[in-house]
Amino acid sequence: MKIDALKKVCVAGAGQMGRQIALTIALHGYDVYLTDSVPAALAQTDTWSRDYLDGRVSKGKMTSEQADAARARFHLVPTLQQAAAGSQIVIEAILEDREIKRSFYFELGGIVGEDTILASNSSYMVSSLFQDCVKTPSRLANMHFFNPALVLKLVEVVKGEHTAPDTVELIVEFAKKIGKTPIRVNREIDGFVVNRVLRAIRDEAYFLVEEGVCTPEDLDIGVELGLNHPMGPFRLLDLTGIDLNYMSMEQRWKDTGIKPHGYDIAKQMYESHLWGRKTGKGFYTYGET
Ligand SMILES: NC(=O)c1ccc[n+]([C@@H]2O[C@H](COP(=O)([O-])OP(=O)(O)OC[C@H]3O[C@@H](n4cnc5c(N)ncnc54)[C@H](O)[C@@H]3O)[C@@H](O)[C@H]2O)c1
């Protein structure tokens with residue numbers, strides 16, 4: 001497939017990442033078909049996308065013609081069959097659960113053509129975990145966006161041993177077409193590049209809070225004002241979701257046998273539904289979301 005032949009893109013998972021990825025794609029001139037296994041997620045996404053586009057128009061960031069054109073290219077469909085059939089690229093942004101993702105790839109393998117690029121947005125699961133679920137593993141890779149995907153420019157394109165070099169190049173070209181700046185990650189490594197650096201910072205931050213050295217709020221202020229990071233690690237955790245953080249810590253503990261710093265804090269917050277912005281409270285409290 002040549003990038004100029006790209007006509008239809010499928011995004012699976014209309015959560016906080018999938019819907020922003022899909023709208024970014026529509027805003028850059030491609031027809032995108034977004035699906036989710038939960039009908040309410042599609043209904044919420046419909047309202048959210050209308051509010052977002054109206055907001056951009058009223059702030060003067062976009063003309064109403066541009067917003068209407070994006071809206072017309074942004075298709076919400078209830079089944080994977082409708083979303084993926086005939087797509088040249090499928091971006092998977094569904095729940096971070098290995099078995100759920102594996103069943104998803106099995107289903108997808110029965111729908112798409114052999115040349116379709118299959119790109120997982122997973123932050124922590126490398127695409128080789130799904131290579132036996134699809135017909136053409138050479139077309140499978142990670143395409144990792146950052147949150148909020150409508151704003152942040154970076155995309156990590158991760159090559160597994162099974163991934164063909166031209167698959168990586170197509171994803172790199174596609175990322176550029178939708179206004180992103182891709183970096184190539186030449187082999188599968190846990191956490192890829194950026195989250196490894198982030199993890200080192202987060203581990204130290206949790207360690208300092210667990211040890212009672214400072215509060216999460218003061219640690220964030222220290223990192224924001226002392227290192228000039230736009231957000232401290234705890235504010236960022238509220239944005240990306242404590243639920244995701246807790247699940248990835250559980251997996252890491254299982255994989256390494258070492259209990260990660262902050263596990264008890266994240267577990268307690270997870271069980272109390274303090275998941276960050278998405279539930280209105282995490283390390284900080286938020287207004288209506
Ligand atoms: N949250 C972040 O900051 C972030 C950043 C980069 C990458 N990611 C990755 O993106 C993916 C999604 O994360 P999120 O934060 O958007 O999660 P989320 O929980 O907000 O959304 C996941 C969506 O997937 C849907 N879903 C579950 N199973 C499905 C299936 N079989 N088919 C279709 N839809 C299904 C759920 O109904 C939900 O709407 C994960 O793999 C995560 O690692 C997340």
# chains A, B, ... in the order shown; residues from 1 in each chain; ligands from 1

call {"tool": "residues_around", "arguments": {"residues": "region 142-152 of chain A", "least_positions_apart": "2", "cutoff": "6 Å", "atoms": "only C-alpha atoms", "output": "mmCIF file with N, CA and C atoms, in the first residue's frame"}}
result
data_model
loop_
_atom_site.group_PDB
_atom_site.id
_atom_site.type_symbol
_atom_site.label_atom_id
_atom_site.label_comp_id
_atom_site.auth_asym_id
_atom_site.auth_seq_id
_atom_site.Cartn_x
_atom_site.Cartn_y
_atom_site.Cartn_z
ATOM 1 N N GLN A 20 -9.811 10.746 20.460
ATOM 2 C CA GLN A 20 -8.943 11.884 20.079
ATOM 3 C C GLN A 20 -8.087 11.529 18.870
ATOM 4 N N ILE A 21 -7.640 10.289 18.811
ATOM 5 C CA ILE A 21 -6.861 9.844 17.642
ATOM 6 C C ILE A 21 -7.754 9.931 16.401
ATOM 7 N N THR A 24 -8.391 13.499 15.307
ATOM 8 C CA THR A 24 -7.166 14.043 14.687
ATOM 9 C C THR A 24 -7.093 13.604 13.225
ATOM 10 N N ALA A 119 -2.155 -1.346 13.771
ATOM 11 C CA ALA A 119 -1.294 -0.559 14.655
ATOM 12 C C ALA A 119 -1.914 -0.480 16.046
ATOM 13 N N SER A 120 -1.187 -0.958 17.031
ATOM 14 C CA SER A 120 -1.695 -0.902 18.397
ATOM 15 C C SER A 120 -1.191 0.364 19.079
ATOM 16 N N ASN A 121 -2.146 1.064 19.724
ATOM 17 C CA ASN A 121 -1.772 2.265 20.476
ATOM 18 C C ASN A 121 -1.384 1.914 21.920
ATOM 19 N N SER A 127 3.464 -5.339 20.144
ATOM 20 C CA SER A 127 2.555 -5.950 19.170
ATOM 21 C C SER A 127 2.841 -7.436 18.960
ATOM 22 N N LEU A 154 3.860 13.855 19.540
ATOM 23 C CA LEU A 154 4.724 12.673 19.408
ATOM 24 C C LEU A 154 3.950 11.388 19.136
ATOM 25 N N VAL A 155 4.539 10.563 18.247
ATOM 26 C CA VAL A 155 4.068 9.190 18.049
ATOM 27 C C VAL A 155 5.301 8.294 18.025
ATOM 28 N N GLU A 156 5.294 7.241 18.853
ATOM 29 C CA GLU A 156 6.381 6.252 18.791
ATOM 30 C C GLU A 156 5.939 5.122 17.860
ATOM 31 N N VAL A 157 6.770 4.808 16.884
ATOM 32 C CA VAL A 157 6.467 3.709 15.961
ATOM 33 C C VAL A 157 7.432 2.576 16.305
ATOM 34 N N VAL A 158 6.852 1.477 16.806
ATOM 35 C CA VAL A 158 7.697 0.427 17.379
ATOM 36 C C VAL A 158 7.709 -0.801 16.476
#

call {"tool": "residues_around", "arguments": {"residues": "Thr167 (chain A)", "least_positions_apart": "3", "cutoff": "7 Å", "atoms": "only C-alpha atoms", "output": "list in words"}}
result
Ile117, Arg139, Thr163, Ala164, Leu170 and Ile171 of chain A

call {"tool": "residues_near_ligand", "arguments": {"ligand": "ligand 1", "cutoff": "7 Å", "atoms": "only C-alpha atoms and all ligand atoms", "output": "NGL selection string"}}
result
:A and (12-18 or 35-38 or 41 or 93-96 or 100-101 or 104 or 121-124 or 144-147 or 239-241 or 244)

call {"tool": "write_last_selection", "arguments": {"atoms": "N, CA, C and O atoms", "output": "tab-separated table (two decimals), in the first residue's frame"}}
result
chain	number	residue	atom	x	y	z
A	12	ALA	N	-10.37	1.52	16.71
A	12	ALA	CA	-11.20	0.72	17.62
A	12	ALA	C	-10.94	1.16	19.05
A	12	ALA	O	-9.79	1.25	19.48
A	13	GLY	N	-12.05	1.44	19.76
A	13	GLY	CA	-11.95	1.91	21.15
A	13	GLY	C	-12.20	3.41	21.19
A	13	GLY	O	-11.34	4.18	20.76
A	14	ALA	N	-13.39	3.80	21.66
A	14	ALA	CA	-13.72	5.23	21.70
A	14	ALA	C	-13.53	5.78	23.11
A	14	ALA	O	-14.33	6.56	23.60
A	15	GLY	N	-12.45	5.36	23.76
A	15	GLY	CA	-12.11	5.91	25.08
A	15	GLY	C	-11.38	7.22	24.91
A	15	GLY	O	-11.43	7.84	23.85
A	16	GLN	N	-10.68	7.63	25.97
A	16	GLN	CA	-10.04	8.95	25.89
A	16	GLN	C	-8.99	9.01	24.79
A	16	GLN	O	-8.82	10.06	24.16
A	17	MET	N	-8.32	7.91	24.48
A	17	MET	CA	-7.32	7.97	23.41
A	17	MET	C	-7.95	7.80	22.03
A	17	MET	O	-7.72	8.59	21.13
A	18	GLY	N	-8.75	6.74	21.88
A	18	GLY	CA	-9.28	6.41	20.55
A	18	GLY	C	-10.05	7.54	19.91
A	18	GLY	O	-9.89	7.85	18.73
A	35	THR	N	-15.14	2.70	16.30
A	35	THR	CA	-16.10	1.77	16.90
A	35	THR	C	-15.73	1.49	18.35
A	35	THR	O	-14.60	1.76	18.77
A	36	ASP	N	-16.70	0.97	19.10
A	36	ASP	CA	-16.45	0.61	20.51
A	36	ASP	C	-17.42	-0.51	20.85
A	36	ASP	O	-18.53	-0.57	20.30
A	37	SER	N	-17.00	-1.39	21.76
A	37	SER	CA	-17.89	-2.50	22.12
A	37	SER	C	-19.02	-2.03	23.04
A	37	SER	O	-19.99	-2.75	23.24
A	38	VAL	N	-18.89	-0.83	23.60
A	38	VAL	CA	-19.94	-0.30	24.50
A	38	VAL	C	-20.68	0.82	23.77
A	38	VAL	O	-20.10	1.88	23.49
A	41	ALA	N	-20.33	4.44	24.89
A	41	ALA	CA	-19.06	5.13	24.61
A	41	ALA	C	-19.16	5.87	23.28
A	41	ALA	O	-18.61	6.97	23.12
A	93	ALA	N	-7.16	0.99	19.95
A	93	ALA	CA	-6.99	1.77	21.19
A	93	ALA	C	-8.02	1.29	22.20
A	93	ALA	O	-8.75	2.08	22.80
A	94	ILE	N	-8.10	-0.04	22.37
A	94	ILE	CA	-9.11	-0.60	23.29
A	94	ILE	C	-8.46	-0.82	24.66
A	94	ILE	O	-7.25	-0.59	24.84
A	95	LEU	N	-9.28	-1.29	25.58
A	95	LEU	CA	-8.86	-1.50	26.97
A	95	LEU	C	-7.50	-2.21	27.08
A	95	LEU	O	-7.24	-3.15	26.32
A	96	GLU	N	-6.70	-1.77	28.05
A	96	GLU	CA	-5.35	-2.33	28.23
A	96	GLU	C	-5.44	-3.69	28.95
A	96	GLU	O	-5.10	-3.81	30.13
A	100	ILE	N	-8.37	-9.41	26.27
A	100	ILE	CA	-9.38	-8.67	25.48
A	100	ILE	C	-8.75	-8.23	24.16
A	100	ILE	O	-9.34	-8.35	23.09
A	101	LYS	N	-7.50	-7.79	24.21
A	101	LYS	CA	-6.84	-7.36	22.97
A	101	LYS	C	-6.62	-8.57	22.05
A	101	LYS	O	-6.80	-8.47	20.84
A	104	PHE	N	-9.71	-9.39	20.32
A	104	PHE	CA	-9.97	-8.34	19.33
A	104	PHE	C	-9.17	-8.62	18.05
A	104	PHE	O	-9.71	-8.57	16.94
A	121	ASN	N	-2.15	1.06	19.72
A	121	ASN	CA	-1.77	2.26	20.48
A	121	ASN	C	-1.38	1.91	21.92
A	121	ASN	O	-1.14	2.81	22.73
A	122	SER	N	-1.30	0.63	22.23
A	122	SER	CA	-1.01	0.26	23.62
A	122	SER	C	0.27	0.93	24.13
A	122	SER	O	1.27	1.01	23.42
A	123	SER	N	0.22	1.36	25.40
A	123	SER	CA	1.40	1.99	25.99
A	123	SER	C	2.40	0.95	26.46
A	123	SER	O	3.58	1.25	26.57
A	124	TYR	N	1.91	-0.22	26.81
A	124	TYR	CA	2.80	-1.20	27.46
A	124	TYR	C	2.82	-2.57	26.80
A	124	TYR	O	3.69	-3.37	27.12
A	144	HIS	N	2.20	4.44	18.93
A	144	HIS	CA	1.86	4.89	20.28
A	144	HIS	C	1.72	6.42	20.33
A	144	HIS	O	2.72	7.14	20.21
A	145	PHE	N	0.48	6.87	20.51
A	145	PHE	CA	0.17	8.30	20.63
A	145	PHE	C	0.31	8.70	22.11
A	145	PHE	O	0.33	7.86	23.00
A	146	PHE	N	0.30	10.00	22.34
A	146	PHE	CA	0.39	10.52	23.71
A	146	PHE	C	-0.86	11.32	24.04
A	146	PHE	O	-1.50	11.89	23.16
A	147	ASN	N	-1.17	11.35	25.30
A	147	ASN	CA	-2.41	11.94	25.80
A	147	ASN	C	-2.20	13.39	26.23
A	147	ASN	O	-1.30	13.64	27.03
A	239	LEU	N	-4.10	12.80	34.69
A	239	LEU	CA	-4.54	12.97	33.30
A	239	LEU	C	-4.59	11.62	32.58
A	239	LEU	O	-5.54	11.31	31.89
A	240	THR	N	-3.55	10.81	32.75
A	240	THR	CA	-3.51	9.56	31.99
A	240	THR	C	-4.37	8.47	32.65
A	240	THR	O	-4.77	7.52	31.98
A	241	GLY	N	-4.67	8.61	33.93
A	241	GLY	CA	-5.57	7.66	34.59
A	241	GLY	C	-4.84	6.76	35.59
A	241	GLY	O	-3.93	6.03	35.22
A	244	LEU	N	-5.18	2.99	34.73
A	244	LEU	CA	-4.18	2.47	33.79
A	244	LEU	C	-2.84	2.25	34.51
A	244	LEU	O	-2.16	1.24	34.32

call {"tool": "select_by_dssp", "arguments": {"residues": "region 79-164 of chain A", "states": "strand (DSSP E or B)", "output": "tab-separated table (two decimals) with N, CA and C atoms, in the first residue's frame"}}
result
chain	number	residue	atom	x	y	z
A	89	ILE	N	-5.75	1.09	7.20
A	89	ILE	CA	-5.04	1.12	8.49
A	89	ILE	C	-6.08	0.94	9.60
A	90	VAL	N	-5.76	0.09	10.56
A	90	VAL	CA	-6.60	-0.06	11.76
A	90	VAL	C	-5.74	0.32	12.96
A	91	ILE	N	-6.23	1.25	13.74
A	91	ILE	CA	-5.53	1.62	14.97
A	91	ILE	C	-6.35	1.07	16.14
A	92	GLU	N	-5.71	0.26	16.93
A	92	GLU	CA	-6.40	-0.35	18.08
A	92	GLU	C	-6.08	0.47	19.33
A	117	ILE	N	-2.63	-2.38	7.45
A	117	ILE	CA	-1.70	-2.10	8.54
A	117	ILE	C	-2.46	-2.17	9.86
A	118	LEU	N	-1.93	-2.91	10.81
A	118	LEU	CA	-2.57	-3.05	12.12
A	118	LEU	C	-1.66	-2.41	13.16
A	119	ALA	N	-2.16	-1.35	13.77
A	119	ALA	CA	-1.29	-0.56	14.65
A	119	ALA	C	-1.91	-0.48	16.05
A	120	SER	N	-1.19	-0.96	17.03
A	120	SER	CA	-1.70	-0.90	18.40
A	120	SER	C	-1.19	0.36	19.08
A	140	LEU	N	1.91	-5.75	11.33
A	140	LEU	CA	1.52	-5.39	12.70
A	140	LEU	C	2.67	-4.66	13.42
A	141	ALA	N	2.32	-3.56	14.10
A	141	ALA	CA	3.33	-2.79	14.85
A	141	ALA	C	2.63	-2.00	15.95
A	142	ASN	N	3.40	-1.29	16.75
A	142	ASN	CA	2.81	-0.35	17.70
A	142	ASN	C	2.90	1.06	17.12
A	143	MET	N	1.80	1.80	17.25
A	143	MET	CA	1.77	3.22	16.90
A	143	MET	C	1.27	3.91	18.15
A	144	HIS	N	2.20	4.44	18.93
A	144	HIS	CA	1.86	4.89	20.28
A	144	HIS	C	1.72	6.42	20.33
A	145	PHE	N	0.48	6.87	20.51
A	145	PHE	CA	0.17	8.30	20.63
A	145	PHE	C	0.31	8.70	22.11
A	154	LEU	N	3.86	13.86	19.54
A	154	LEU	CA	4.72	12.67	19.41
A	154	LEU	C	3.95	11.39	19.14
A	155	VAL	N	4.54	10.56	18.25
A	155	VAL	CA	4.07	9.19	18.05
A	155	VAL	C	5.30	8.29	18.02
A	156	GLU	N	5.29	7.24	18.85
A	156	GLU	CA	6.38	6.25	18.79
A	156	GLU	C	5.94	5.12	17.86
A	157	VAL	N	6.77	4.81	16.88
A	157	VAL	CA	6.47	3.71	15.96
A	157	VAL	C	7.43	2.58	16.31
A	158	VAL	N	6.85	1.48	16.81
A	158	VAL	CA	7.70	0.43	17.38
A	158	VAL	C	7.71	-0.80	16.48

call {"tool": "residues_around", "arguments": {"residues": "Asp203 (chain A)", "least_positions_apart": "3", "cutoff": "9 Å", "atoms": "only C-alpha atoms", "output": "list in words"}}
result
Leu198, Arg199, Ala200, Tyr206, Phe207, Leu208, Pro260, His261 and Gly262 of chain A

call {"tool": "residues_around", "arguments": {"residues": "region 108-115 of chain A", "least_positions_apart": "6", "cutoff": "9 Å", "atoms": "only C-alpha atoms", "output": "ChimeraX atom specification"}}
result
/A:1,80-81,84-88,90,133-136,139

call {"tool": "select_by_dssp", "arguments": {"residues": "region 55-259 of chain A", "states": "alpha helix (DSSP H)", "output": "number ranges by chain"}}
result
A: 55-58, 64-73, 80-84, 98-109, 165-177, 194-210, 216-226, 233-240, 242-256

call {"tool": "residues_around", "arguments": {"residues": "Asp220 (chain A)", "least_positions_apart": "3", "cutoff": "12 Å", "atoms": "only C-alpha atoms", "output": "short mmCIF file (atom, residue, chain, number, x, y, z; two decimals) with N, CA and C atoms, in the first residue's frame"}}
result
data_model
loop_
_atom_site.label_atom_id
_atom_site.label_comp_id
_atom_site.auth_asym_id
_atom_site.auth_seq_id
_atom_site.Cartn_x
_atom_site.Cartn_y
_atom_site.Cartn_z
N ILE A 201 11.17 8.69 36.42
CA ILE A 201 10.77 9.87 37.20
C ILE A 201 9.66 9.50 38.18
N ARG A 202 8.67 8.73 37.67
CA ARG A 202 7.50 8.35 38.48
C ARG A 202 7.91 7.46 39.67
N ALA A 205 9.33 9.60 42.21
CA ALA A 205 8.30 10.46 42.81
C ALA A 205 7.49 9.66 43.84
N TYR A 206 7.03 8.46 43.45
CA TYR A 206 6.26 7.61 44.37
C TYR A 206 7.13 7.25 45.59
N LEU A 208 9.54 8.92 46.99
CA LEU A 208 9.68 10.06 47.90
C LEU A 208 8.40 10.30 48.69
N VAL A 209 7.25 10.10 48.03
CA VAL A 209 5.97 10.29 48.74
C VAL A 209 5.76 9.16 49.74
N CYS A 214 7.90 14.16 50.96
CA CYS A 214 7.09 15.33 50.57
C CYS A 214 5.71 14.85 50.13
N THR A 215 4.80 15.79 49.94
CA THR A 215 3.45 15.44 49.45
C THR A 215 3.48 15.37 47.92
N PRO A 216 2.48 14.70 47.30
CA PRO A 216 2.41 14.70 45.84
C PRO A 216 2.35 16.12 45.27
N GLU A 217 1.60 17.01 45.96
CA GLU A 217 1.45 18.39 45.46
C GLU A 217 2.80 19.09 45.45
N VAL A 223 8.93 19.65 40.54
CA VAL A 223 9.29 19.23 39.17
C VAL A 223 8.88 20.30 38.16
N GLU A 224 7.72 20.93 38.39
CA GLU A 224 7.24 21.94 37.44
C GLU A 224 8.12 23.19 37.48
N LEU A 225 8.45 23.65 38.69
CA LEU A 225 9.21 24.90 38.78
C LEU A 225 10.73 24.68 38.74
N GLY A 226 11.16 23.51 39.19
CA GLY A 226 12.60 23.26 39.23
C GLY A 226 13.15 22.67 37.94
N LEU A 227 12.34 21.85 37.25
CA LEU A 227 12.81 21.21 36.01
C LEU A 227 12.10 21.78 34.78
N ASN A 228 11.15 22.65 35.03
CA ASN A 228 10.39 23.28 33.94
C ASN A 228 9.54 22.26 33.15
N HIS A 229 9.15 21.15 33.80
CA HIS A 229 8.20 20.25 33.15
C HIS A 229 6.82 20.91 33.20
N PRO A 230 6.03 20.81 32.13
CA PRO A 230 4.71 21.47 32.17
C PRO A 230 3.78 20.87 33.23
N MET A 231 3.99 19.61 33.58
CA MET A 231 3.16 18.97 34.62
C MET A 231 4.05 18.06 35.46
N GLY A 232 3.84 18.08 36.76
CA GLY A 232 4.55 17.14 37.63
C GLY A 232 4.00 15.73 37.43
N PRO A 233 4.72 14.70 37.93
CA PRO A 233 4.31 13.31 37.67
C PRO A 233 2.93 12.94 38.21
N PHE A 234 2.50 13.54 39.33
CA PHE A 234 1.18 13.15 39.87
C PHE A 234 0.05 13.83 39.10
N ARG A 235 0.28 15.08 38.69
CA ARG A 235 -0.73 15.76 37.86
C ARG A 235 -0.89 14.99 36.54
N LEU A 236 0.23 14.51 36.02
CA LEU A 236 0.19 13.75 34.76
C LEU A 236 -0.52 12.40 34.97
N LEU A 237 -0.30 11.78 36.12
CA LEU A 237 -1.00 10.51 36.41
C LEU A 237 -2.51 10.73 36.45
N ASP A 238 -2.95 11.85 36.99
CA ASP A 238 -4.39 12.16 37.00
C ASP A 238 -4.92 12.29 35.58
N PHE A 283 -5.19 12.48 42.50
CA PHE A 283 -4.32 13.21 43.44
C PHE A 283 -4.89 14.61 43.67
N TYR A 284 -5.63 15.10 42.68
CA TYR A 284 -6.28 16.42 42.76
C TYR A 284 -7.78 16.24 42.53
#

call {"tool": "residues_around", "arguments": {"residues": "Tyr270 (chain A)", "least_positions_apart": "2", "cutoff": "10 Å", "atoms": "only C-alpha atoms", "output": "list of chain:residue names"}}
result
A:Gly241, A:Ile242, A:Asp243, A:Leu244, A:Asn245, A:Tyr246, A:Met247, A:Asp264, A:Ile265, A:Ala266, A:Lys267, A:Gln268, A:Ser272, A:His273, A:Leu274, A:Trp275, A:Gly276, A:Gly282

call {"tool": "closest_residue", "arguments": {"among": "A:Leu129, A:Ile221, A:Ile25, A:Leu76", "to": "His162 (chain A)", "atoms": "only C-alpha atoms"}}
result
A:Leu129

call {"tool": "atom_distance", "arguments": {"atom1": "CA of Thr116 (chain A)", "atom2": "CA of Val9 (chain A)"}}
result
9.8 Å

call {"tool": "residues_around", "arguments": {"residues": "Val32 (chain A)", "least_positions_apart": "2", "cutoff": "6 Å", "atoms": "only C-alpha atoms", "output": "JSON, numbers by chain"}}
result
{"A": [8, 9, 10, 26, 74]}

call {"tool": "atom_distance", "arguments": {"atom1": "CA of Ser49 (chain A)", "atom2": "CA of Thr181 (chain A)"}}
result
23.4 Å

call {"tool": "closest_residue", "arguments": {"among": "A:Glu173, A:Asp190, A:Ser128, A:Asn195", "to": "Thr256 (chain A)", "atoms": "only C-alpha atoms"}}
result
A:Asp190

call {"tool": "decode", "arguments": {"residues": "region 179-197 of chain A", "atoms": "N, CA, C and O atoms", "output": "mmCIF file, in the first residue's frame"}}
result
data_model
loop_
_atom_site.group_PDB
_atom_site.id
_atom_site.type_symbol
_atom_site.label_atom_id
_atom_site.label_comp_id
_atom_site.auth_asym_id
_atom_site.auth_seq_id
_atom_site.Cartn_x
_atom_site.Cartn_y
_atom_site.Cartn_z
ATOM 1 N N GLY A 179 -0.208 15.208 11.067
ATOM 2 C CA GLY A 179 0.353 16.317 11.845
ATOM 3 C C GLY A 179 1.203 15.911 13.031
ATOM 4 O O GLY A 179 1.475 16.730 13.913
ATOM 5 N N LYS A 180 1.621 14.639 13.075
ATOM 6 C CA LYS A 180 2.417 14.183 14.221
ATOM 7 C C LYS A 180 3.897 14.119 13.861
ATOM 8 O O LYS A 180 4.272 14.135 12.684
ATOM 9 N N THR A 181 4.727 14.022 14.891
ATOM 10 C CA THR A 181 6.158 13.843 14.694
ATOM 11 C C THR A 181 6.508 12.441 15.194
ATOM 12 O O THR A 181 6.463 12.193 16.402
ATOM 13 N N PRO A 182 6.787 11.520 14.259
ATOM 14 C CA PRO A 182 7.067 10.152 14.703
ATOM 15 C C PRO A 182 8.534 9.949 15.071
ATOM 16 O O PRO A 182 9.418 10.610 14.511
ATOM 17 N N ILE A 183 8.768 9.067 16.042
ATOM 18 C CA ILE A 183 10.133 8.577 16.260
ATOM 19 C C ILE A 183 10.091 7.054 16.107
ATOM 20 O O ILE A 183 9.087 6.419 16.439
ATOM 21 N N ARG A 184 11.184 6.499 15.575
ATOM 22 C CA ARG A 184 11.234 5.048 15.373
ATOM 23 C C ARG A 184 11.853 4.380 16.601
ATOM 24 O O ARG A 184 12.923 4.805 17.046
ATOM 25 N N VAL A 185 11.184 3.363 17.090
ATOM 26 C CA VAL A 185 11.741 2.552 18.184
ATOM 27 C C VAL A 185 12.092 1.225 17.512
ATOM 28 O O VAL A 185 11.204 0.505 17.043
ATOM 29 N N ASN A 186 13.375 0.931 17.422
ATOM 30 C CA ASN A 186 13.839 -0.122 16.518
ATOM 31 C C ASN A 186 13.643 -1.546 17.008
ATOM 32 O O ASN A 186 13.832 -2.491 16.252
ATOM 33 N N ARG A 187 13.323 -1.690 18.285
ATOM 34 C CA ARG A 187 12.953 -3.031 18.757
ATOM 35 C C ARG A 187 11.980 -2.910 19.916
ATOM 36 O O ARG A 187 11.889 -1.850 20.550
ATOM 37 N N GLU A 188 11.296 -4.015 20.157
ATOM 38 C CA GLU A 188 10.309 -4.008 21.226
ATOM 39 C C GLU A 188 11.016 -3.997 22.571
ATOM 40 O O GLU A 188 11.871 -4.845 22.826
ATOM 41 N N ILE A 189 10.673 -3.034 23.370
ATOM 42 C CA ILE A 189 11.240 -2.947 24.706
ATOM 43 C C ILE A 189 10.144 -2.424 25.618
ATOM 44 O O ILE A 189 9.362 -1.545 25.204
ATOM 45 N N ASP A 190 10.067 -3.004 26.798
ATOM 46 C CA ASP A 190 8.999 -2.641 27.723
ATOM 47 C C ASP A 190 8.974 -1.128 27.979
ATOM 48 O O ASP A 190 9.996 -0.551 28.344
ATOM 49 N N GLY A 191 7.827 -0.502 27.756
ATOM 50 C CA GLY A 191 7.681 0.941 28.009
ATOM 51 C C GLY A 191 8.147 1.819 26.859
ATOM 52 O O GLY A 191 8.059 3.040 26.933
ATOM 53 N N PHE A 192 8.666 1.195 25.806
ATOM 54 C CA PHE A 192 9.197 1.933 24.643
ATOM 55 C C PHE A 192 10.248 2.949 25.127
ATOM 56 O O PHE A 192 11.037 2.608 25.999
ATOM 57 N N VAL A 193 10.257 4.143 24.575
ATOM 58 C CA VAL A 193 11.316 5.088 24.965
ATOM 59 C C VAL A 193 10.800 6.089 26.015
ATOM 60 O O VAL A 193 11.335 6.188 27.118
ATOM 61 N N VAL A 194 9.724 6.786 25.658
ATOM 62 C CA VAL A 194 9.310 7.915 26.501
ATOM 63 C C VAL A 194 8.784 7.435 27.856
ATOM 64 O O VAL A 194 9.111 8.018 28.889
ATOM 65 N N ASN A 195 8.005 6.352 27.857
ATOM 66 C CA ASN A 195 7.472 5.885 29.139
ATOM 67 C C ASN A 195 8.550 5.286 30.037
ATOM 68 O O ASN A 195 8.379 5.242 31.251
ATOM 69 N N ARG A 196 9.658 4.835 29.449
ATOM 70 C CA ARG A 196 10.775 4.376 30.305
ATOM 71 C C ARG A 196 11.373 5.561 31.062
ATOM 72 O O ARG A 196 11.685 5.459 32.243
ATOM 73 N N VAL A 197 11.519 6.670 30.334
ATOM 74 C CA VAL A 197 12.070 7.861 30.988
ATOM 75 C C VAL A 197 11.064 8.355 32.038
ATOM 76 O O VAL A 197 11.435 8.663 33.180
#
